[in-house]
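A.B. asks: Handing over protein10.tsv, TSV, C-alpha atoms.
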```
chain	number	residue	atom	x	y	z
A	1	MET	CA	240.78	75.84	26.18
A	2	ARG	CA	241.24	74.58	29.70
A	3	LYS	CA	241.04	78.17	31.04
A	4	TYR	CA	237.69	78.73	29.31
A	5	PHE	CA	236.41	75.44	30.73
A	6	ILE	CA	237.33	76.44	34.30
A	7	VAL	CA	235.73	79.88	33.85
A	8	SER	CA	232.55	78.22	32.52
A	9	ILE	CA	232.37	75.87	35.53
A	10	ILE	CA	232.80	78.80	37.95
A	11	ALA	CA	230.08	80.76	36.14
A	12	LEU	CA	227.69	77.79	36.32
A	13	VAL	CA	228.34	77.44	40.05
A	14	PHE	CA	227.51	81.11	40.66
A	15	ILE	CA	224.37	80.92	38.47
A	16	SER	CA	223.20	77.80	40.32
A	17	ALA	CA	223.78	79.45	43.71
A	18	SER	CA	221.89	82.54	42.55
A	19	LEU	CA	218.89	80.48	41.40
A	20	LYS	CA	218.80	78.61	44.72
A	21	ALA	CA	218.84	81.88	46.62
A	22	GLN	CA	215.87	83.13	44.59
A	23	ASP	CA	213.88	79.93	45.15
A	24	LYS	CA	213.34	80.28	48.89
A	25	PRO	CA	212.28	77.01	50.57
A	26	PHE	CA	210.21	78.85	53.19
A	27	VAL	CA	208.21	82.08	53.30
A	28	PHE	CA	205.93	83.55	55.92
A	29	GLY	CA	203.37	86.34	56.17
A	30	PHE	CA	200.08	87.41	57.67
A	31	LYS	CA	196.46	87.73	56.59
A	32	VAL	CA	193.10	89.20	57.56
A	33	ALA	CA	189.81	87.64	56.49
A	34	PRO	CA	186.17	88.59	57.00
A	35	ASN	CA	183.87	85.57	56.78
A	36	ILE	CA	180.24	84.54	56.46
A	37	GLY	CA	179.33	81.69	58.81
A	38	TRP	CA	176.32	79.46	59.30
A	39	MET	CA	175.17	76.40	61.24
A	40	ASN	CA	174.19	73.16	59.51
A	41	PRO	CA	172.12	70.99	61.91
A	42	SER	CA	171.50	67.27	61.32
A	43	LEU	CA	168.26	66.99	63.36
A	44	ASP	CA	164.86	67.39	61.66
A	45	ASP	CA	163.45	69.81	64.26
A	46	TYR	CA	166.38	72.20	63.96
A	47	SER	CA	166.93	74.81	61.27
A	48	SER	CA	169.69	77.26	60.44
A	49	ASP	CA	168.42	80.79	60.97
A	50	GLY	CA	170.58	82.74	58.55
A	51	ASN	CA	174.20	83.71	58.00
A	52	LYS	CA	176.37	85.74	60.35
A	53	ILE	CA	179.45	87.87	59.76
A	54	GLY	CA	182.72	86.86	61.42
A	55	PHE	CA	186.42	87.59	61.12
A	56	SER	CA	189.86	86.00	61.39
A	57	TRP	CA	193.47	87.09	61.39
A	58	GLY	CA	196.72	85.22	61.64
A	59	VAL	CA	200.16	84.28	60.37
A	60	MET	CA	200.91	82.11	57.35
A	61	ALA	CA	203.83	79.86	56.44
A	62	GLU	CA	204.58	78.24	53.06
A	63	PHE	CA	207.02	75.40	52.53
A	64	HIS	CA	208.15	74.87	48.94
A	65	LEU	CA	207.75	71.20	47.95
A	66	MET	CA	208.46	71.37	44.21
A	67	GLU	CA	207.79	73.66	41.28
A	68	LYS	CA	204.20	75.02	41.55
A	69	TYR	CA	203.43	73.05	44.74
A	70	ASP	CA	203.62	74.44	48.29
A	71	LEU	CA	202.55	73.16	51.70
A	72	ASN	CA	200.67	75.86	53.62
A	73	THR	CA	200.07	76.15	57.34
A	74	GLY	CA	199.88	78.84	60.02
A	75	VAL	CA	197.95	79.95	63.08
A	76	ASN	CA	194.70	81.92	62.92
A	77	ILE	CA	192.40	83.46	65.51
A	78	LEU	CA	188.94	82.72	64.12
A	79	PHE	CA	185.68	84.39	65.15
A	80	LEU	CA	182.87	82.26	63.68
A	81	ASN	CA	179.15	82.83	64.17
A	82	GLY	CA	175.87	81.11	63.26
A	83	THR	CA	172.25	80.77	64.38
A	84	LEU	CA	169.91	77.84	65.10
A	85	ASN	CA	166.14	77.84	65.60
A	86	TYR	CA	164.44	75.01	67.57
A	87	VAL	CA	161.97	74.20	70.35
A	88	ASP	CA	163.38	73.58	73.82
A	89	ASP	CA	162.31	73.56	77.45
A	90	ILE	CA	164.48	75.97	79.44
A	91	ALA	CA	163.53	76.40	83.09
A	92	ASP	CA	165.44	79.69	83.44
A	93	TYR	CA	163.30	81.13	80.62
A	94	GLY	CA	159.97	79.85	81.97
A	95	GLY	CA	159.45	76.48	80.27
A	96	GLU	CA	158.89	75.24	76.73
A	97	GLY	CA	159.16	77.67	73.85
A	98	GLU	CA	160.86	78.49	70.57
A	99	LEU	CA	164.54	79.38	70.78
A	100	PHE	CA	166.55	81.49	68.33
A	101	ARG	CA	170.17	81.05	69.43
A	102	THR	CA	173.10	82.90	67.86
A	103	TYR	CA	176.41	81.14	68.55
A	104	ASN	CA	179.66	83.09	68.84
A	105	PHE	CA	182.66	80.78	68.55
A	106	LYS	CA	186.30	81.76	68.96
A	107	TYR	CA	188.84	79.21	67.73
A	108	LEU	CA	192.58	78.89	67.40
A	109	GLU	CA	192.81	77.42	63.91
A	110	VAL	CA	195.76	75.52	62.40
A	111	PRO	CA	195.20	74.85	58.67
A	112	LEU	CA	197.24	72.41	56.60
A	113	THR	CA	196.67	72.73	52.85
A	114	LEU	CA	198.35	71.95	49.54
A	115	LYS	CA	198.74	75.00	47.30
A	116	MET	CA	198.89	74.39	43.53
A	117	LYS	CA	200.00	77.38	41.41
A	118	THR	CA	199.87	78.30	37.73
A	119	ASN	CA	202.79	79.80	35.82
A	120	GLU	CA	203.51	83.43	36.64
A	121	TYR	CA	202.42	85.98	34.04
A	122	ALA	CA	202.78	89.77	34.38
A	123	LYS	CA	203.96	89.29	37.99
A	124	LYS	CA	200.84	87.36	39.01
A	125	SER	CA	199.81	83.73	39.30
A	126	PHE	CA	196.65	81.89	40.29
A	127	PHE	CA	196.35	79.00	42.69
A	128	GLY	CA	194.02	76.49	44.27
A	129	VAL	CA	194.21	75.07	47.79
A	130	PHE	CA	192.92	71.85	49.33
A	131	GLY	CA	193.39	70.47	52.82
A	132	PHE	CA	192.14	70.35	56.38
A	133	GLY	CA	191.80	72.59	59.42
A	134	ALA	CA	192.23	71.78	63.11
A	135	ASN	CA	190.31	74.18	65.36
A	136	PHE	CA	190.68	74.48	69.15
A	137	LEU	CA	187.84	76.21	70.99
A	138	LEU	CA	188.90	79.26	72.98
A	139	LEU	CA	185.52	80.85	73.76
A	140	GLY	CA	181.89	79.95	73.16
A	141	LYS	CA	178.98	82.30	73.85
A	142	ALA	CA	175.39	82.68	72.69
A	143	LYS	CA	172.73	85.35	72.34
A	144	ASP	CA	169.26	83.89	72.94
A	145	LYS	CA	165.82	85.06	71.90
A	146	PHE	CA	163.24	82.77	73.52
A	147	LEU	CA	159.55	82.98	72.63
A	148	ILE	CA	157.22	81.50	75.24
A	149	GLY	CA	153.53	82.29	74.78
A	150	ASP	CA	153.23	86.05	74.31
A	151	ASN	CA	156.50	86.71	76.10
A	152	GLU	CA	159.99	87.20	74.70
A	153	VAL	CA	163.13	86.56	76.73
A	154	ILE	CA	166.49	87.99	75.61
A	155	ASP	CA	169.68	86.68	77.22
A	156	GLU	CA	173.43	86.24	76.70
A	157	ILE	CA	175.11	83.11	78.07
A	158	ASP	CA	178.49	81.38	78.23
A	159	LEU	CA	178.24	78.08	76.34
A	160	LYS	CA	181.84	76.86	76.30
A	161	SER	CA	181.13	73.90	78.62
A	162	ASN	CA	178.35	72.74	76.27
A	163	LEU	CA	180.45	72.94	73.10
A	164	LYS	CA	183.01	70.48	71.77
A	165	SER	CA	186.56	71.69	72.28
A	166	PHE	CA	187.89	70.44	68.92
A	167	ARG	CA	186.62	71.01	65.39
A	168	VAL	CA	187.89	69.43	62.14
A	169	SER	CA	187.12	70.95	58.75
A	170	LEU	CA	187.75	70.48	55.03
A	171	ILE	CA	189.23	73.52	53.25
A	172	VAL	CA	189.03	74.28	49.51
A	173	GLY	CA	189.74	77.59	47.83
A	174	ILE	CA	191.11	79.65	44.97
A	175	GLY	CA	193.23	82.79	44.90
A	176	MET	CA	195.71	85.06	43.19
A	177	GLU	CA	199.29	85.98	44.10
A	178	PHE	CA	200.92	89.21	42.88
A	179	ASN	CA	204.57	90.19	43.20
A	180	VAL	CA	204.99	93.78	44.39
A	181	GLY	CA	208.77	93.79	44.38
A	182	GLY	CA	211.64	91.55	45.45
A	183	SER	CA	210.36	88.58	47.44
A	184	THR	CA	207.19	90.33	48.67
A	185	ASN	CA	203.88	89.03	47.32
A	186	LEU	CA	200.31	90.13	47.92
A	187	ILE	CA	197.75	87.32	47.99
A	188	THR	CA	193.97	87.34	47.95
A	189	GLY	CA	191.36	84.65	47.58
A	190	VAL	CA	188.26	82.84	48.76
A	191	ASN	CA	188.19	79.72	50.96
A	192	PHE	CA	185.25	77.49	51.81
A	193	ASP	CA	185.70	75.85	55.22
A	194	ASN	CA	183.29	72.93	55.64
A	195	GLY	CA	182.96	71.52	59.15
A	196	ILE	CA	183.30	67.74	59.48
A	197	THR	CA	182.73	67.22	63.21
A	198	ASP	CA	179.76	68.27	65.36
A	199	VAL	CA	180.36	71.30	67.55
A	200	LEU	CA	177.43	70.89	70.01
A	201	ARG	CA	177.20	68.35	72.82
A	202	PHE	CA	174.16	69.12	75.01
A	203	GLN	CA	170.67	67.64	75.16
A	204	ASN	CA	167.36	69.06	74.00
A	205	ASN	CA	164.93	68.94	76.95
A	206	VAL	CA	161.85	68.40	74.72
A	207	SER	CA	163.00	65.70	72.28
A	208	ASN	CA	165.81	64.35	74.53
A	209	ASP	CA	168.06	64.29	71.46
A	210	ILE	CA	171.73	65.20	71.73
A	211	GLN	CA	172.02	68.36	69.65
A	212	LYS	CA	174.06	67.93	66.48
A	213	SER	CA	175.31	70.58	64.11
A	214	ILE	CA	178.43	71.48	62.19
A	215	ASN	CA	179.45	75.06	61.41
A	216	ASN	CA	180.72	76.28	58.05
A	217	TYR	CA	182.10	79.52	56.73
A	218	LEU	CA	183.16	81.27	53.54
A	219	GLU	CA	186.11	83.63	53.96
A	220	PHE	CA	187.48	86.40	51.75
A	221	TYR	CA	191.11	87.08	52.63
A	222	ILE	CA	194.01	89.35	51.80
A	223	GLY	CA	197.56	88.84	52.95
A	224	VAL	CA	201.25	89.51	52.46
A	225	LEU	CA	204.04	86.96	52.03
A	226	PHE	CA	207.69	87.92	52.61
```
Can you give me the file's structure in the form of structure tokens?

C.D. replies:
Amino acid sequence: MRKYFIVSIIALVFISASLKAQDKPFVFGFKVAPNIGWMNPSLDDYSSDGNKIGFSWGVMAEFHLMEKYDLNTGVNILFLNGTLNYVDDIADYGGEGELFRTYNFKYLEVPLTLKMKTNEYAKKSFFGVFGFGANFLLLGKAKDKFLIGDNEVIDEIDLKSNLKSFRVSLIVGIGMEFNVGGSTNLITGVNFDNGITDVLRFQNNVSNDIQKSINNYLEFYIGVLF
């Protein structure tokens, strides 16, 4: 009887160790994500002039908190674009006119989100994410179309000095995770990234208002976790 008890204890120890090995506390991977971005101004005389296509890529890291809950982070290189239409007085373009400005932002993005998963069925599970993003401006450029009288001025300018260097956003999304063998999972999903802080910081020469706008984007991503 004692022999069977000792064998049972040893078996339980090995089973427990095996389960712990399968439940990895940390996984990493990479993703690519095309996005649709737009500007959302808070001044009455400004309007968003359509959506623009962008792109991001980066590495992901997941820390297992408890069953069905993970903490997600990583580092992304984000190319985010959007357009504003407003009246301004620009001496280099000849005076007062209507400006259509397409912004091209490049950020280093560090997201921090909580991932909540369903039970796995047929090697796949679904999940939702909620959290925040910290974005550090790397580059900021613009393509201008300026209408003054019957004339049209086209120009490309460097705007980094007139943009805020830090952006905070709220992230919500849904996705699916599919096991393709061993510890390798494919993931795909959709995230909505809603800007919280203004990204502009220069003055309109007609109204004398400090320009204010956030930028948002919707991304469609695919990635691999190891």

A.B. asks: With all atoms listed in the file as the basis for distance, which of A:Ala122, A:Val224, A:Ile154, A:Ile210 is at the shortest distance from A:Phe100?

C.D. replies: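 Checking each of A:Ala122, A:Val224, A:Ile154, A:Ile210 against A:Phe100, counting all atoms listed in the file, the winner is A:Ile154.
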
A.B. asks: If we count all atoms listed in the file, what is near stretch 44-53 of chain A at a cut-off of 6 Å, once residues fewer than 6 positions away on the same chain are taken out, given as a tab-separated table (two decimals) with C-alpha atoms, in the coordinates of the input?

C.D. replies:
```tsv
chain	number	residue	atom	x	y	z
A	35	ASN	CA	183.87	85.57	56.78
A	36	ILE	CA	180.24	84.54	56.46
A	37	GLY	CA	179.33	81.69	58.81
A	38	TRP	CA	176.32	79.46	59.30
A	81	ASN	CA	179.15	82.83	64.17
A	82	GLY	CA	175.87	81.11	63.26
A	83	THR	CA	172.25	80.77	64.38
A	84	LEU	CA	169.91	77.84	65.10
A	85	ASN	CA	166.14	77.84	65.60
A	86	TYR	CA	164.44	75.01	67.57
```

A.B. asks: Need the shell around stretch 166-174 of chain A: protein/DNA/RNA residues with any atom at most 9 Å away, counting only C-alpha atoms. Skip same-chain ones fewer than 2 positions apart. Format as a ChimeraX atom specification?

C.D. replies: /A:107,111-113,126-137,163-164,176,188-199,214,216

A.B. asks: Counting all atoms listed in the file, figure out which residue out of A:Leu159, A:Ile77, A:Ile90, A:Leu43 gets nearest to A:Lys141.

C.D. replies: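 Answer, going by the shortest atom-to-atom distance: A:Leu159.
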
A.B. asks: How many Å lie between atom CA of A:Glu98 and atom CA of A:Asn204, rounded to one decimal?

C.D. replies: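 About the pair atom CA of A:Glu98 and atom CA of A:Asn204: they are 12.0 Å apart.
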
A.B. asks: Find the residues near A:Asn72: any atom within 7 Å, counting all atoms listed in the file, skip ones fewer than 3 places away on the same chain, and give them as a list in words.

C.D. replies: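 Once the nearby chain positions are removed, what remains is Ala61, Glu62, Phe63, Leu112, Thr113, Leu114 and Lys115 of chain A.
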
A.B. asks: Find the residue from A:Ala91, A:Leu78, A:Leu200, A:Leu139 that sits nearest to A:Pro41; use all atoms listed in the file when measuring.

C.D. replies: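 With all atoms listed in the file as the atom set, the closest residue is A:Leu200.
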
A.B. asks: Would you list the residues near (162.7, 67.7, 76.2) (no more than 12 Å away, in the coordinates of the file, using only C-alpha atoms) as JSON, numbers by chain?

C.D. replies: {"A": [86, 87, 88, 89, 90, 91, 95, 96, 97, 202, 203, 204, 205, 206, 207, 208, 209, 210, 211]}

A.B. asks: Tell me which protein, DNA and RNA residues are within 10 Å of A:Gly29, counting only C-alpha atoms, leaving out same-chain ones fewer than 3 positions away, and put them as a JSON list (two decimals) with C-alpha atoms, in the coordinates of the input.

C.D. replies:
```json
[["chain", "number", "residue", "atom", "x", "y", "z"],
["A", 58, "GLY", "CA", 196.72, 85.22, 61.64],
["A", 59, "VAL", "CA", 200.16, 84.28, 60.37],
["A", 60, "MET", "CA", 200.91, 82.11, 57.35],
["A", 61, "ALA", "CA", 203.83, 79.86, 56.44],
["A", 62, "GLU", "CA", 204.58, 78.24, 53.06],
["A", 74, "GLY", "CA", 199.88, 78.84, 60.02],
["A", 184, "THR", "CA", 207.19, 90.33, 48.67],
["A", 185, "ASN", "CA", 203.88, 89.03, 47.32],
["A", 186, "LEU", "CA", 200.31, 90.13, 47.92],
["A", 187, "ILE", "CA", 197.75, 87.32, 47.99],
["A", 223, "GLY", "CA", 197.56, 88.84, 52.95],
["A", 224, "VAL", "CA", 201.25, 89.51, 52.46],
["A", 225, "LEU", "CA", 204.04, 86.96, 52.03],
["A", 226, "PHE", "CA", 207.69, 87.92, 52.61]]
```

A.B. asks: Between atom CA of A:Phe105 and atom CA of A:Arg201, measure the distance and give it in Å to one decimal.

C.D. replies: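 Separation between atom CA of A:Phe105 and atom CA of A:Arg201: 14.2 Å.
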
A.B. asks: Find the distance between atom CA of A:Asn76 and atom CA of A:Glu109 and write it in Å to one decimal.

C.D. replies: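 According to the coordinates, atom CA of A:Asn76 and atom CA of A:Glu109 are separated by 5.0 Å.
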
A.B. asks: Which residue, A:Ser161, A:Lys124, A:Asn215, A:Gly54, has the smallest gap to A:Val180 when you use only C-alpha atoms?

C.D. replies: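 When distances to A:Val180 are compared using only C-alpha atoms, the smallest one comes from A:Lys124.
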
A.B. asks: Using the file's own x, y and z axes, what box holds all listed atoms of stretch 106-115 of chain A with 8 Å on each side, keeping edges along x, y and z, and what are its centre and edge lengths in Å to one decimal, as JSON?

C.D. replies:
```
{"center_x": 192.5, "center_y": 76.9, "center_z": 58.1, "size_x": 28.4, "size_y": 25.8, "size_z": 37.7}
```
